[in-house]
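Novice: Here you go, this is target.txt (compact mmCIF, N, CA and C atoms and all ligand atoms).
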```
# COMPACT_ATOMS: atom_id res chain seq x y z
N MET U 170 11.36 10.31 -14.18
CA MET U 170 11.82 11.20 -13.10
C MET U 170 12.41 10.34 -11.96
N PRO U 171 13.56 10.77 -11.39
CA PRO U 171 14.16 9.96 -10.33
C PRO U 171 13.30 9.96 -9.08
N LYS U 172 13.39 8.88 -8.33
CA LYS U 172 12.58 8.84 -7.11
C LYS U 172 13.16 9.79 -6.06
N LYS U 173 12.24 10.31 -5.21
CA LYS U 173 12.68 11.26 -4.20
C LYS U 173 13.36 10.51 -3.06
N LYS U 174 14.35 11.19 -2.44
CA LYS U 174 15.06 10.57 -1.31
C LYS U 174 14.12 10.53 -0.11
N LEU U 175 14.00 9.36 0.47
CA LEU U 175 13.13 9.22 1.64
C LEU U 175 13.92 9.48 2.91
N PRO U 176 13.25 10.06 3.92
CA PRO U 176 13.94 10.27 5.21
C PRO U 176 14.45 8.94 5.77
N ALA U 177 15.58 9.01 6.50
CA ALA U 177 16.14 7.79 7.11
C ALA U 177 15.11 7.16 8.04
N GLY U 178 15.04 5.85 8.03
CA GLY U 178 14.13 5.15 8.93
C GLY U 178 12.71 5.04 8.42
N THR U 179 12.47 5.56 7.22
CA THR U 179 11.11 5.55 6.66
C THR U 179 10.56 4.12 6.57
N ARG U 180 11.38 3.23 6.04
CA ARG U 180 10.92 1.85 5.84
C ARG U 180 10.48 1.22 7.16
N GLU U 181 11.34 1.34 8.19
CA GLU U 181 11.03 0.70 9.48
C GLU U 181 9.79 1.32 10.11
N SER U 182 9.69 2.65 10.07
CA SER U 182 8.55 3.26 10.75
C SER U 182 7.26 2.99 9.98
N LEU U 183 7.33 2.95 8.65
CA LEU U 183 6.11 2.63 7.88
C LEU U 183 5.69 1.17 8.10
N LEU U 184 6.69 0.28 8.18
CA LEU U 184 6.34 -1.14 8.41
C LEU U 184 5.72 -1.32 9.80
N ARG U 185 6.22 -0.57 10.76
CA ARG U 185 5.64 -0.62 12.11
C ARG U 185 4.18 -0.16 12.07
N SER U 186 3.95 0.92 11.35
CA SER U 186 2.58 1.44 11.24
C SER U 186 1.67 0.45 10.52
N ALA U 187 2.20 -0.18 9.49
CA ALA U 187 1.40 -1.16 8.74
C ALA U 187 1.01 -2.34 9.63
N ARG U 188 1.96 -2.76 10.48
CA ARG U 188 1.67 -3.89 11.39
C ARG U 188 0.57 -3.51 12.38
N LYS U 189 0.59 -2.27 12.81
CA LYS U 189 -0.43 -1.79 13.74
C LYS U 189 -1.80 -1.82 13.04
N ALA U 190 -1.85 -1.32 11.82
CA ALA U 190 -3.12 -1.29 11.07
C ALA U 190 -3.65 -2.69 10.81
N MET U 191 -2.73 -3.61 10.61
CA MET U 191 -3.08 -5.01 10.30
C MET U 191 -3.97 -5.62 11.39
N LYS U 192 -3.78 -5.16 12.61
CA LYS U 192 -4.57 -5.71 13.74
C LYS U 192 -6.06 -5.42 13.56
N ASN U 193 -6.39 -4.38 12.79
CA ASN U 193 -7.80 -4.03 12.59
C ASN U 193 -8.43 -4.70 11.38
N ALA U 194 -7.67 -5.54 10.69
CA ALA U 194 -8.19 -6.16 9.47
C ALA U 194 -9.48 -6.95 9.75
N TYR U 195 -10.38 -6.90 8.80
CA TYR U 195 -11.59 -7.71 8.86
C TYR U 195 -11.45 -8.75 7.76
N ALA U 196 -10.99 -9.93 8.14
CA ALA U 196 -10.68 -10.96 7.14
C ALA U 196 -11.20 -12.34 7.57
N PRO U 197 -12.52 -12.42 7.86
CA PRO U 197 -13.06 -13.70 8.34
C PRO U 197 -13.12 -14.75 7.24
N PHE U 198 -13.05 -14.36 6.00
CA PHE U 198 -13.22 -15.32 4.90
C PHE U 198 -11.88 -15.90 4.46
N SER U 199 -10.90 -15.05 4.24
CA SER U 199 -9.58 -15.56 3.83
C SER U 199 -8.69 -15.85 5.04
N ARG U 200 -9.00 -15.24 6.16
CA ARG U 200 -8.13 -15.29 7.34
C ARG U 200 -6.72 -14.77 7.03
N PHE U 201 -6.63 -13.92 6.05
CA PHE U 201 -5.34 -13.35 5.65
C PHE U 201 -5.37 -11.86 5.96
N LYS U 202 -4.79 -11.51 7.11
CA LYS U 202 -4.83 -10.11 7.55
C LYS U 202 -3.67 -9.32 6.95
N VAL U 203 -4.02 -8.16 6.39
CA VAL U 203 -3.00 -7.32 5.74
C VAL U 203 -3.08 -5.91 6.32
N GLY U 204 -1.91 -5.29 6.44
CA GLY U 204 -1.86 -3.89 6.88
C GLY U 204 -1.04 -3.08 5.89
N ALA U 205 -1.37 -1.81 5.76
CA ALA U 205 -0.61 -0.94 4.86
C ALA U 205 -0.45 0.42 5.52
N ALA U 206 0.66 1.07 5.19
CA ALA U 206 0.88 2.45 5.63
C ALA U 206 1.45 3.21 4.45
N ILE U 207 0.94 4.42 4.24
CA ILE U 207 1.48 5.24 3.15
C ILE U 207 2.05 6.54 3.72
N LEU U 208 3.11 6.99 3.10
CA LEU U 208 3.73 8.27 3.46
C LEU U 208 3.49 9.24 2.31
N THR U 209 3.00 10.44 2.63
CA THR U 209 2.77 11.45 1.59
C THR U 209 3.92 12.46 1.56
N SER U 210 3.95 13.26 0.51
CA SER U 210 5.03 14.24 0.36
C SER U 210 4.96 15.31 1.45
N LYS U 211 3.82 15.43 2.12
CA LYS U 211 3.71 16.40 3.23
C LYS U 211 4.19 15.80 4.55
N GLY U 212 4.55 14.52 4.51
CA GLY U 212 5.02 13.86 5.73
C GLY U 212 3.93 13.17 6.52
N ASP U 213 2.71 13.17 5.98
CA ASP U 213 1.62 12.50 6.69
C ASP U 213 1.66 11.00 6.42
N VAL U 214 1.22 10.23 7.43
CA VAL U 214 1.14 8.77 7.29
C VAL U 214 -0.31 8.36 7.45
N PHE U 215 -0.78 7.52 6.55
CA PHE U 215 -2.15 6.99 6.63
C PHE U 215 -2.09 5.48 6.66
N LEU U 216 -3.04 4.91 7.43
CA LEU U 216 -3.04 3.46 7.63
C LEU U 216 -4.24 2.82 6.95
N GLY U 217 -4.08 1.55 6.62
CA GLY U 217 -5.20 0.81 6.06
C GLY U 217 -5.07 -0.67 6.38
N CYS U 218 -6.21 -1.36 6.37
CA CYS U 218 -6.22 -2.81 6.54
C CYS U 218 -7.20 -3.36 5.52
N ASN U 219 -7.14 -4.67 5.29
CA ASN U 219 -8.14 -5.23 4.37
C ASN U 219 -9.48 -5.37 5.06
N VAL U 220 -10.53 -5.10 4.32
CA VAL U 220 -11.90 -5.18 4.83
C VAL U 220 -12.68 -6.06 3.87
N GLU U 221 -12.96 -7.28 4.31
CA GLU U 221 -13.64 -8.25 3.44
C GLU U 221 -15.15 -8.11 3.57
N ASN U 222 -15.85 -8.88 2.71
CA ASN U 222 -17.31 -8.81 2.71
C ASN U 222 -17.87 -10.18 2.34
N SER U 223 -19.08 -10.46 2.86
CA SER U 223 -19.75 -11.72 2.52
C SER U 223 -19.91 -11.85 1.01
N SER U 224 -20.08 -10.72 0.34
CA SER U 224 -20.05 -10.70 -1.11
C SER U 224 -18.59 -10.45 -1.48
N TYR U 225 -17.86 -11.53 -1.68
CA TYR U 225 -16.39 -11.50 -1.69
C TYR U 225 -15.77 -10.38 -2.54
N GLY U 226 -16.39 -10.12 -3.67
CA GLY U 226 -15.81 -9.13 -4.60
C GLY U 226 -15.80 -7.71 -4.06
N MET U 227 -16.54 -7.47 -3.00
CA MET U 227 -16.58 -6.12 -2.40
C MET U 227 -15.39 -5.86 -1.49
N THR U 228 -14.54 -6.85 -1.33
CA THR U 228 -13.38 -6.72 -0.44
C THR U 228 -12.49 -5.55 -0.85
N ASN U 229 -12.02 -4.81 0.14
CA ASN U 229 -11.07 -3.73 -0.11
C ASN U 229 -9.71 -4.11 0.49
N CYS U 230 -8.68 -4.03 -0.32
CA CYS U 230 -7.32 -4.35 0.17
C CYS U 230 -6.82 -3.26 1.12
N ALA U 231 -5.84 -3.64 1.91
CA ALA U 231 -5.24 -2.71 2.88
C ALA U 231 -4.67 -1.46 2.20
N GLU U 232 -4.02 -1.66 1.07
CA GLU U 232 -3.37 -0.52 0.39
C GLU U 232 -4.40 0.50 -0.06
N ARG U 233 -5.49 0.02 -0.67
CA ARG U 233 -6.50 0.95 -1.14
C ARG U 233 -7.24 1.60 0.02
N THR U 234 -7.44 0.86 1.11
CA THR U 234 -8.07 1.47 2.29
C THR U 234 -7.25 2.67 2.75
N ALA U 235 -5.92 2.50 2.80
CA ALA U 235 -5.04 3.58 3.27
C ALA U 235 -5.11 4.78 2.32
N ILE U 236 -5.08 4.50 1.03
CA ILE U 236 -5.07 5.60 0.05
C ILE U 236 -6.42 6.33 0.05
N PHE U 237 -7.51 5.60 0.09
CA PHE U 237 -8.82 6.25 0.07
C PHE U 237 -9.02 7.08 1.33
N SER U 238 -8.51 6.57 2.43
CA SER U 238 -8.62 7.30 3.68
C SER U 238 -7.80 8.60 3.61
N ALA U 239 -6.63 8.53 2.99
CA ALA U 239 -5.78 9.73 2.84
C ALA U 239 -6.48 10.77 1.97
N VAL U 240 -7.07 10.33 0.87
CA VAL U 240 -7.75 11.27 -0.02
C VAL U 240 -8.96 11.87 0.68
N ALA U 241 -9.67 11.05 1.44
CA ALA U 241 -10.85 11.55 2.15
C ALA U 241 -10.45 12.64 3.14
N GLU U 242 -9.28 12.46 3.76
CA GLU U 242 -8.87 13.46 4.76
C GLU U 242 -8.15 14.66 4.17
N LYS U 243 -7.31 14.43 3.17
CA LYS U 243 -6.44 15.51 2.66
C LYS U 243 -6.85 16.06 1.30
N GLY U 244 -7.75 15.39 0.63
CA GLY U 244 -8.12 15.84 -0.71
C GLY U 244 -7.27 15.17 -1.77
N PRO U 245 -7.63 15.44 -3.04
CA PRO U 245 -7.02 14.69 -4.14
C PRO U 245 -5.62 15.14 -4.55
N GLY U 246 -5.12 16.21 -3.94
CA GLY U 246 -3.81 16.74 -4.36
C GLY U 246 -2.62 16.02 -3.76
N LEU U 247 -2.85 15.03 -2.94
CA LEU U 247 -1.71 14.42 -2.24
C LEU U 247 -0.83 13.59 -3.16
N GLU U 248 0.45 13.49 -2.76
CA GLU U 248 1.36 12.62 -3.49
C GLU U 248 1.91 11.55 -2.56
N ILE U 249 1.82 10.30 -3.00
CA ILE U 249 2.35 9.20 -2.19
C ILE U 249 3.83 9.01 -2.51
N LEU U 250 4.64 9.03 -1.44
CA LEU U 250 6.08 8.79 -1.63
C LEU U 250 6.43 7.33 -1.40
N ALA U 251 5.74 6.70 -0.45
CA ALA U 251 6.10 5.31 -0.10
C ALA U 251 4.89 4.58 0.45
N VAL U 252 4.90 3.27 0.24
CA VAL U 252 3.83 2.39 0.74
C VAL U 252 4.51 1.18 1.39
N ALA U 253 4.07 0.80 2.59
CA ALA U 253 4.57 -0.43 3.22
C ALA U 253 3.41 -1.39 3.40
N VAL U 254 3.67 -2.67 3.15
CA VAL U 254 2.62 -3.70 3.23
C VAL U 254 3.10 -4.84 4.12
N THR U 255 2.25 -5.24 5.06
CA THR U 255 2.60 -6.39 5.92
C THR U 255 1.43 -7.37 5.94
N ASN U 256 1.74 -8.61 6.28
CA ASN U 256 0.65 -9.58 6.47
C ASN U 256 0.96 -10.43 7.69
N ALA U 257 -0.11 -10.93 8.32
CA ALA U 257 0.04 -11.62 9.60
C ALA U 257 0.66 -13.01 9.45
N GLN U 258 0.69 -13.54 8.23
CA GLN U 258 1.24 -14.89 8.02
C GLN U 258 2.74 -14.85 7.76
N GLY U 259 3.27 -13.68 7.52
CA GLY U 259 4.71 -13.57 7.23
C GLY U 259 5.10 -14.22 5.92
N VAL U 260 4.20 -14.18 4.96
CA VAL U 260 4.49 -14.78 3.64
C VAL U 260 4.65 -13.67 2.60
N PRO U 261 5.23 -14.00 1.44
CA PRO U 261 5.35 -12.97 0.40
C PRO U 261 4.00 -12.37 0.05
N CYS U 262 3.94 -11.05 -0.07
CA CYS U 262 2.68 -10.37 -0.35
C CYS U 262 2.98 -8.99 -0.94
N SER U 263 2.93 -8.91 -2.24
CA SER U 263 3.10 -7.60 -2.89
C SER U 263 1.70 -7.10 -3.25
N PRO U 264 1.54 -5.79 -3.48
CA PRO U 264 0.20 -5.27 -3.79
C PRO U 264 -0.40 -5.93 -5.02
N CYS U 265 -1.69 -6.16 -4.98
CA CYS U 265 -2.38 -6.78 -6.13
C CYS U 265 -2.42 -5.79 -7.30
N GLY U 266 -2.83 -6.27 -8.44
CA GLY U 266 -2.84 -5.42 -9.64
C GLY U 266 -3.69 -4.17 -9.48
N ALA U 267 -4.87 -4.33 -8.88
CA ALA U 267 -5.77 -3.17 -8.70
C ALA U 267 -5.10 -2.13 -7.82
N CYS U 268 -4.47 -2.57 -6.74
CA CYS U 268 -3.82 -1.62 -5.82
C CYS U 268 -2.62 -0.95 -6.49
N ARG U 269 -1.91 -1.67 -7.33
CA ARG U 269 -0.78 -1.05 -8.04
C ARG U 269 -1.26 0.14 -8.87
N GLN U 270 -2.38 -0.05 -9.55
CA GLN U 270 -2.91 1.03 -10.38
C GLN U 270 -3.35 2.22 -9.52
N VAL U 271 -3.93 1.93 -8.36
CA VAL U 271 -4.39 3.02 -7.47
C VAL U 271 -3.19 3.74 -6.85
N ILE U 272 -2.15 2.98 -6.49
CA ILE U 272 -0.92 3.61 -5.97
C ILE U 272 -0.34 4.53 -7.05
N TYR U 273 -0.30 4.03 -8.26
CA TYR U 273 0.29 4.79 -9.38
C TYR U 273 -0.45 6.11 -9.61
N GLU U 274 -1.75 6.10 -9.44
CA GLU U 274 -2.56 7.31 -9.65
C GLU U 274 -2.08 8.47 -8.77
N PHE U 275 -1.78 8.14 -7.50
CA PHE U 275 -1.40 9.18 -6.54
C PHE U 275 0.09 9.18 -6.23
N GLY U 276 0.82 8.21 -6.76
CA GLY U 276 2.26 8.12 -6.46
C GLY U 276 3.05 7.50 -7.58
N PRO U 277 3.12 8.19 -8.73
CA PRO U 277 3.85 7.59 -9.86
C PRO U 277 5.34 7.40 -9.59
N HIS U 278 5.85 8.08 -8.53
CA HIS U 278 7.27 7.90 -8.19
C HIS U 278 7.42 7.16 -6.86
N ALA U 279 6.34 6.57 -6.37
CA ALA U 279 6.37 5.93 -5.04
C ALA U 279 7.26 4.69 -5.03
N VAL U 280 7.80 4.40 -3.84
CA VAL U 280 8.48 3.12 -3.64
C VAL U 280 7.61 2.26 -2.72
N ILE U 281 7.65 0.95 -2.96
CA ILE U 281 6.82 0.02 -2.20
C ILE U 281 7.72 -0.92 -1.41
N PHE U 282 7.45 -1.03 -0.10
CA PHE U 282 8.16 -1.97 0.77
C PHE U 282 7.24 -3.15 1.02
N TYR U 283 7.68 -4.34 0.69
CA TYR U 283 6.82 -5.52 0.85
C TYR U 283 7.67 -6.77 0.98
N GLN U 284 7.03 -7.82 1.45
CA GLN U 284 7.73 -9.08 1.55
C GLN U 284 7.65 -9.78 0.20
N GLY U 285 8.79 -9.94 -0.44
CA GLY U 285 8.82 -10.60 -1.74
C GLY U 285 9.24 -12.06 -1.59
N LYS U 286 9.41 -12.72 -2.72
CA LYS U 286 9.81 -14.15 -2.70
C LYS U 286 11.16 -14.35 -2.03
N ASN U 287 12.02 -13.33 -2.12
CA ASN U 287 13.37 -13.44 -1.55
C ASN U 287 13.56 -12.51 -0.36
N GLY U 288 12.48 -12.30 0.39
CA GLY U 288 12.59 -11.47 1.60
C GLY U 288 12.09 -10.05 1.36
N TRP U 289 12.35 -9.18 2.34
CA TRP U 289 11.84 -7.81 2.26
C TRP U 289 12.45 -7.11 1.06
N THR U 290 11.58 -6.44 0.33
CA THR U 290 11.95 -5.88 -0.97
C THR U 290 11.47 -4.44 -1.06
N GLU U 291 12.23 -3.64 -1.81
CA GLU U 291 11.83 -2.26 -2.09
C GLU U 291 11.79 -2.11 -3.60
N SER U 292 10.61 -1.79 -4.14
CA SER U 292 10.49 -1.63 -5.60
C SER U 292 9.78 -0.33 -5.92
N PRO U 293 10.24 0.38 -6.95
CA PRO U 293 9.45 1.50 -7.44
C PRO U 293 8.13 0.97 -8.00
N ILE U 294 7.07 1.75 -7.87
CA ILE U 294 5.77 1.30 -8.38
C ILE U 294 5.86 1.01 -9.88
N THR U 295 6.72 1.75 -10.57
CA THR U 295 6.81 1.55 -12.03
C THR U 295 7.47 0.21 -12.39
N ASP U 296 8.19 -0.40 -11.42
CA ASP U 296 8.69 -1.76 -11.68
C ASP U 296 7.55 -2.77 -11.49
N LEU U 297 6.68 -2.48 -10.50
CA LEU U 297 5.57 -3.40 -10.24
C LEU U 297 4.45 -3.21 -11.27
N LEU U 298 4.37 -2.00 -11.81
CA LEU U 298 3.31 -1.69 -12.78
C LEU U 298 3.89 -0.90 -13.95
N PRO U 299 4.55 -1.59 -14.88
CA PRO U 299 5.07 -0.85 -16.04
C PRO U 299 3.90 -0.36 -16.89
N GLU U 300 4.05 0.81 -17.47
CA GLU U 300 3.00 1.33 -18.36
C GLU U 300 1.67 1.51 -17.64
N GLY U 301 1.71 2.00 -16.40
CA GLY U 301 0.47 2.25 -15.66
C GLY U 301 -0.45 3.17 -16.44
N PHE U 302 -1.73 3.00 -16.27
CA PHE U 302 -2.71 3.78 -17.03
C PHE U 302 -2.88 5.17 -16.44
N ARG U 303 -2.99 6.17 -17.31
CA ARG U 303 -3.21 7.55 -16.90
C ARG U 303 -4.09 8.23 -17.92
N LEU U 304 -5.06 9.01 -17.49
CA LEU U 304 -5.94 9.70 -18.42
C LEU U 304 -5.35 11.02 -18.89
N LYS U 305 -4.49 11.62 -18.06
CA LYS U 305 -3.94 12.91 -18.47
C LYS U 305 -2.47 12.79 -18.79
N1 LIG U 401 -4.98 -8.36 0.28
C1 LIG U 401 -4.60 -7.09 0.65
O1 LIG U 401 -5.26 -6.44 1.47
N2 LIG U 401 -3.48 -6.58 0.09
C2 LIG U 401 -2.63 -7.27 -0.72
O2 LIG U 401 -1.60 -6.73 -1.12
C3 LIG U 401 -2.97 -8.63 -1.13
C4 LIG U 401 -4.29 -9.13 -0.72
C5 LIG U 401 -6.17 -8.94 0.94
C6 LIG U 401 -7.41 -9.05 0.14
C7 LIG U 401 -8.13 -10.19 0.86
O3 LIG U 401 -8.85 -9.65 1.95
C8 LIG U 401 -7.03 -11.05 1.41
O4 LIG U 401 -5.84 -10.25 1.36
C9 LIG U 401 -6.81 -12.33 0.64
O5 LIG U 401 -6.70 -12.10 -0.70
```
Once you've parsed the file, please lay out its structure as structure tokens.
Specialist:
Amino acid sequence: MPKKKLPAGTRESLLRSARKAMKNAYAPFSRFKVGAAILTSKGDVFLGCNVENSSYGMTNCAERTAIFSAVAEKGPGLEILAVAVTNAQGVPCSPCGACRQVIYEFGPHAVIFYQGKNGWTESPITDLLPEGFRLK
């Protein structure tokens, strides 16, 4: 299915929101602060930051924080149209494998804005996660 047309300025406003969320990151172990913002088909924007833990594996990435927060507030019917990811170091940072699968669950047609190896990049989630897993 073709991706939906995003409103003009979506990328810039989502990146701005992601940078704002990044300030709340709890990253004392990696010192790598990440922010994420997601846009839903209803036009709502949800923010997330990474939240680390002394038990390192319990860490939650910024992208999943934003998505879980959206589901908690709006319920499971939401559709993600776009995700923006920023980091405080200004280095390439695309969503990790776990986050790609979670984005795909709620946004199989979503586009992702992130800093890639060759600068700011826009990729459909299906390019980042071909053959994403689905139970239904
Ligand atoms: N991290 C994110 O929050 N999102 C990403 O896309 C990549 C990695 C976090 C997890 C951890 O807190 C820190 O960055 C270093 O891996």
Novice: Check the smallest atom-to-atom distance from each of U:Asn229, U:Asn193, U:Ser210, U:Ser223 to ligand LIG 401 (chain U) using only N, CA and C atoms and all ligand atoms, then report the winner.
Specialist: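 Ranking U:Asn229, U:Asn193, U:Ser210, U:Ser223 by distance to ligand LIG 401 (chain U), first place goes to U:Asn229.
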Novice: Taking only C-alpha atoms into account, produce a table as a Markdown table in which each residue of segment 195-265 of chain U with an atom at most 8 Å from an atom of segment 275-289 of chain U appears once, together with its shortest atom pair and the distance in Å to one decimal, ordered by chain and rising number.
Specialist:
```
| residue | atom | partner | partner_atom | distance |
| --- | --- | --- | --- | --- |
| U:Leu247 | CA | U:Phe275 | CA | 6.8 |
| U:Glu248 | CA | U:Phe275 | CA | 5.4 |
| U:Ile249 | CA | U:Gly276 | CA | 4.4 |
| U:Leu250 | CA | U:Ala279 | CA | 4.5 |
| U:Ala251 | CA | U:Val280 | CA | 4.8 |
| U:Val252 | CA | U:Ile281 | CA | 4.8 |
| U:Ala253 | CA | U:Phe282 | CA | 4.6 |
| U:Val254 | CA | U:Tyr283 | CA | 5.2 |
| U:Thr255 | CA | U:Tyr283 | CA | 6.7 |
| U:Gly259 | CA | U:Gln284 | CA | 7.8 |
| U:Val260 | CA | U:Gln284 | CA | 6.9 |
| U:Pro261 | CA | U:Gln284 | CA | 4.7 |
| U:Cys262 | CA | U:Gln284 | CA | 5.5 |
| U:Ser263 | CA | U:Tyr283 | CA | 5.7 |
```
Novice: Would you be able to write out as a PyMOL selection string which residues have an atom within 8 Å of (-2.6, 13.3, 2.1) in the file's coordinates, counting only N, CA and C atoms?
Specialist: chain U and resi 208-215+238-249
Novice: Save out the residues we just selected, N, CA and C atoms, as a PDB file, keeping the file's coordinate frame.
Specialist:
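And here's again.pdb as it stands now:
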```
ATOM      1  N   LEU U 208       3.110   6.990   3.100  1.00  0.00           N
ATOM      2  CA  LEU U 208       3.730   8.270   3.460  1.00  0.00           C
ATOM      3  C   LEU U 208       3.490   9.240   2.310  1.00  0.00           C
ATOM      4  N   THR U 209       3.000  10.440   2.630  1.00  0.00           N
ATOM      5  CA  THR U 209       2.770  11.450   1.590  1.00  0.00           C
ATOM      6  C   THR U 209       3.920  12.460   1.560  1.00  0.00           C
ATOM      7  N   SER U 210       3.950  13.260   0.510  1.00  0.00           N
ATOM      8  CA  SER U 210       5.030  14.240   0.360  1.00  0.00           C
ATOM      9  C   SER U 210       4.960  15.310   1.450  1.00  0.00           C
ATOM     10  N   LYS U 211       3.820  15.430   2.120  1.00  0.00           N
ATOM     11  CA  LYS U 211       3.710  16.400   3.230  1.00  0.00           C
ATOM     12  C   LYS U 211       4.190  15.800   4.550  1.00  0.00           C
ATOM     13  N   GLY U 212       4.550  14.520   4.510  1.00  0.00           N
ATOM     14  CA  GLY U 212       5.020  13.860   5.730  1.00  0.00           C
ATOM     15  C   GLY U 212       3.930  13.170   6.520  1.00  0.00           C
ATOM     16  N   ASP U 213       2.710  13.170   5.980  1.00  0.00           N
ATOM     17  CA  ASP U 213       1.620  12.500   6.690  1.00  0.00           C
ATOM     18  C   ASP U 213       1.660  11.000   6.420  1.00  0.00           C
ATOM     19  N   VAL U 214       1.220  10.230   7.430  1.00  0.00           N
ATOM     20  CA  VAL U 214       1.140   8.770   7.290  1.00  0.00           C
ATOM     21  C   VAL U 214      -0.310   8.360   7.450  1.00  0.00           C
ATOM     22  N   PHE U 215      -0.780   7.520   6.550  1.00  0.00           N
ATOM     23  CA  PHE U 215      -2.150   6.990   6.630  1.00  0.00           C
ATOM     24  C   PHE U 215      -2.090   5.480   6.660  1.00  0.00           C
ATOM     25  N   SER U 238      -8.510   6.570   2.430  1.00  0.00           N
ATOM     26  CA  SER U 238      -8.620   7.300   3.680  1.00  0.00           C
ATOM     27  C   SER U 238      -7.800   8.600   3.610  1.00  0.00           C
ATOM     28  N   ALA U 239      -6.630   8.530   2.990  1.00  0.00           N
ATOM     29  CA  ALA U 239      -5.780   9.730   2.840  1.00  0.00           C
ATOM     30  C   ALA U 239      -6.480  10.770   1.970  1.00  0.00           C
ATOM     31  N   VAL U 240      -7.070  10.330   0.870  1.00  0.00           N
ATOM     32  CA  VAL U 240      -7.750  11.270  -0.020  1.00  0.00           C
ATOM     33  C   VAL U 240      -8.960  11.870   0.680  1.00  0.00           C
ATOM     34  N   ALA U 241      -9.670  11.050   1.440  1.00  0.00           N
ATOM     35  CA  ALA U 241     -10.850  11.550   2.150  1.00  0.00           C
ATOM     36  C   ALA U 241     -10.450  12.640   3.140  1.00  0.00           C
ATOM     37  N   GLU U 242      -9.280  12.460   3.760  1.00  0.00           N
ATOM     38  CA  GLU U 242      -8.870  13.460   4.760  1.00  0.00           C
ATOM     39  C   GLU U 242      -8.150  14.660   4.170  1.00  0.00           C
ATOM     40  N   LYS U 243      -7.310  14.430   3.170  1.00  0.00           N
ATOM     41  CA  LYS U 243      -6.440  15.510   2.660  1.00  0.00           C
ATOM     42  C   LYS U 243      -6.850  16.060   1.300  1.00  0.00           C
ATOM     43  N   GLY U 244      -7.750  15.390   0.630  1.00  0.00           N
ATOM     44  CA  GLY U 244      -8.120  15.840  -0.710  1.00  0.00           C
ATOM     45  C   GLY U 244      -7.270  15.170  -1.770  1.00  0.00           C
ATOM     46  N   PRO U 245      -7.630  15.440  -3.040  1.00  0.00           N
ATOM     47  CA  PRO U 245      -7.020  14.690  -4.140  1.00  0.00           C
ATOM     48  C   PRO U 245      -5.620  15.140  -4.550  1.00  0.00           C
ATOM     49  N   GLY U 246      -5.120  16.210  -3.940  1.00  0.00           N
ATOM     50  CA  GLY U 246      -3.810  16.740  -4.360  1.00  0.00           C
ATOM     51  C   GLY U 246      -2.620  16.020  -3.760  1.00  0.00           C
ATOM     52  N   LEU U 247      -2.850  15.030  -2.940  1.00  0.00           N
ATOM     53  CA  LEU U 247      -1.710  14.420  -2.240  1.00  0.00           C
ATOM     54  C   LEU U 247      -0.830  13.590  -3.160  1.00  0.00           C
ATOM     55  N   GLU U 248       0.450  13.490  -2.760  1.00  0.00           N
ATOM     56  CA  GLU U 248       1.360  12.620  -3.490  1.00  0.00           C
ATOM     57  C   GLU U 248       1.910  11.550  -2.560  1.00  0.00           C
ATOM     58  N   ILE U 249       1.820  10.300  -3.000  1.00  0.00           N
ATOM     59  CA  ILE U 249       2.350   9.200  -2.190  1.00  0.00           C
ATOM     60  C   ILE U 249       3.830   9.010  -2.510  1.00  0.00           C
TER      61      ILE U 249
END
```
Novice: Mind dumping a table of every chain U residue within 7 Å of ligand LIG 401 (chain U), with the nearest atom pair and its distance in Å to one decimal, using only N, CA and C atoms and all ligand atoms, sorted by chain and rising number, as a Markdown table?
Specialist:
```
| residue | atom | partner | partner_atom | distance |
| --- | --- | --- | --- | --- |
| U:Tyr195 | C | U:LIG401 | O3 | 6.4 |
| U:Ala196 | CA | U:LIG401 | O3 | 5.7 |
| U:Ser199 | CA | U:LIG401 | C9 | 5.3 |
| U:Arg200 | N | U:LIG401 | C9 | 6.6 |
| U:Phe201 | C | U:LIG401 | O4 | 4.9 |
| U:Lys202 | N | U:LIG401 | O4 | 6.0 |
| U:Val203 | CA | U:LIG401 | O1 | 4.9 |
| U:Gly204 | N | U:LIG401 | O1 | 6.1 |
| U:Cys218 | C | U:LIG401 | O1 | 5.4 |
| U:Asn219 | CA | U:LIG401 | O1 | 4.3 |
| U:Val220 | N | U:LIG401 | O3 | 5.4 |
| U:Glu221 | CA | U:LIG401 | O3 | 5.2 |
| U:Thr228 | CA | U:LIG401 | O3 | 5.9 |
| U:Asn229 | C | U:LIG401 | O1 | 5.1 |
| U:Cys230 | CA | U:LIG401 | O1 | 3.2 |
| U:Ala231 | N | U:LIG401 | O1 | 2.9 |
| U:Glu232 | N | U:LIG401 | O1 | 5.0 |
| U:Arg233 | N | U:LIG401 | O1 | 6.8 |
| U:Val254 | CA | U:LIG401 | O2 | 6.8 |
| U:Cys262 | C | U:LIG401 | O2 | 5.1 |
| U:Ser263 | C | U:LIG401 | O2 | 3.9 |
| U:Pro264 | CA | U:LIG401 | O2 | 3.5 |
| U:Cys265 | N | U:LIG401 | O2 | 3.9 |
```
Novice: Let me make sure I understand: among U:Lys174, U:Leu298, U:Leu216, U:Lys192, which one has the smallest atom-to-atom distance to Gly266 of chain U if we use only N, CA and C atoms?
Specialist: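 That would be U:Leu298, the residue with the smallest distance to Gly266 of chain U.
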Novice: Please enclose the listed atoms of segment 290-301 of chain U in an axis-aligned box, pad each side by 5 Å, and write out the centre and the three edge lengths in Å, rounded to one decimal, as AutoDock Vina command-line options.
Specialist:
```
--center_x 5.9 --center_y -1.6 --center_z -9.0 --size_x 22.7 --size_y 19.6 --size_z 28.7
```
Novice: Using all atoms listed in the file, can you tell me which of U:Leu184, U:Met191, U:Met227, U:Leu297 comes closest to Gln270 of chain U?
Specialist: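 Of the candidates, the smallest distance to Gln270 of chain U is held by U:Leu297.
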Novice: Name the closest residue to Ala190 of chain U among the candidates U:Ala177, U:Ile294, U:Ala205, U:Val271; distances are taken between atoms, counting only N, CA and C atoms.
Specialist: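 Closest to Ala190 of chain U, using only N, CA and C atoms: U:Ala205.
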Novice: Please indicate the distance in Å from atom C of Tyr273 of chain U to atom N of Ala257 of chain U, rounded to one decimal place.
Specialist: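 Distance between the two atoms: 24.7 Å.
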Novice: Could you please write out, as a VMD selection string, every residue of chain U that DSSP assigns to alpha helix (DSSP H)?
Specialist: chain U and resid 179 to 191 231 to 243 266 to 275 294 to 297
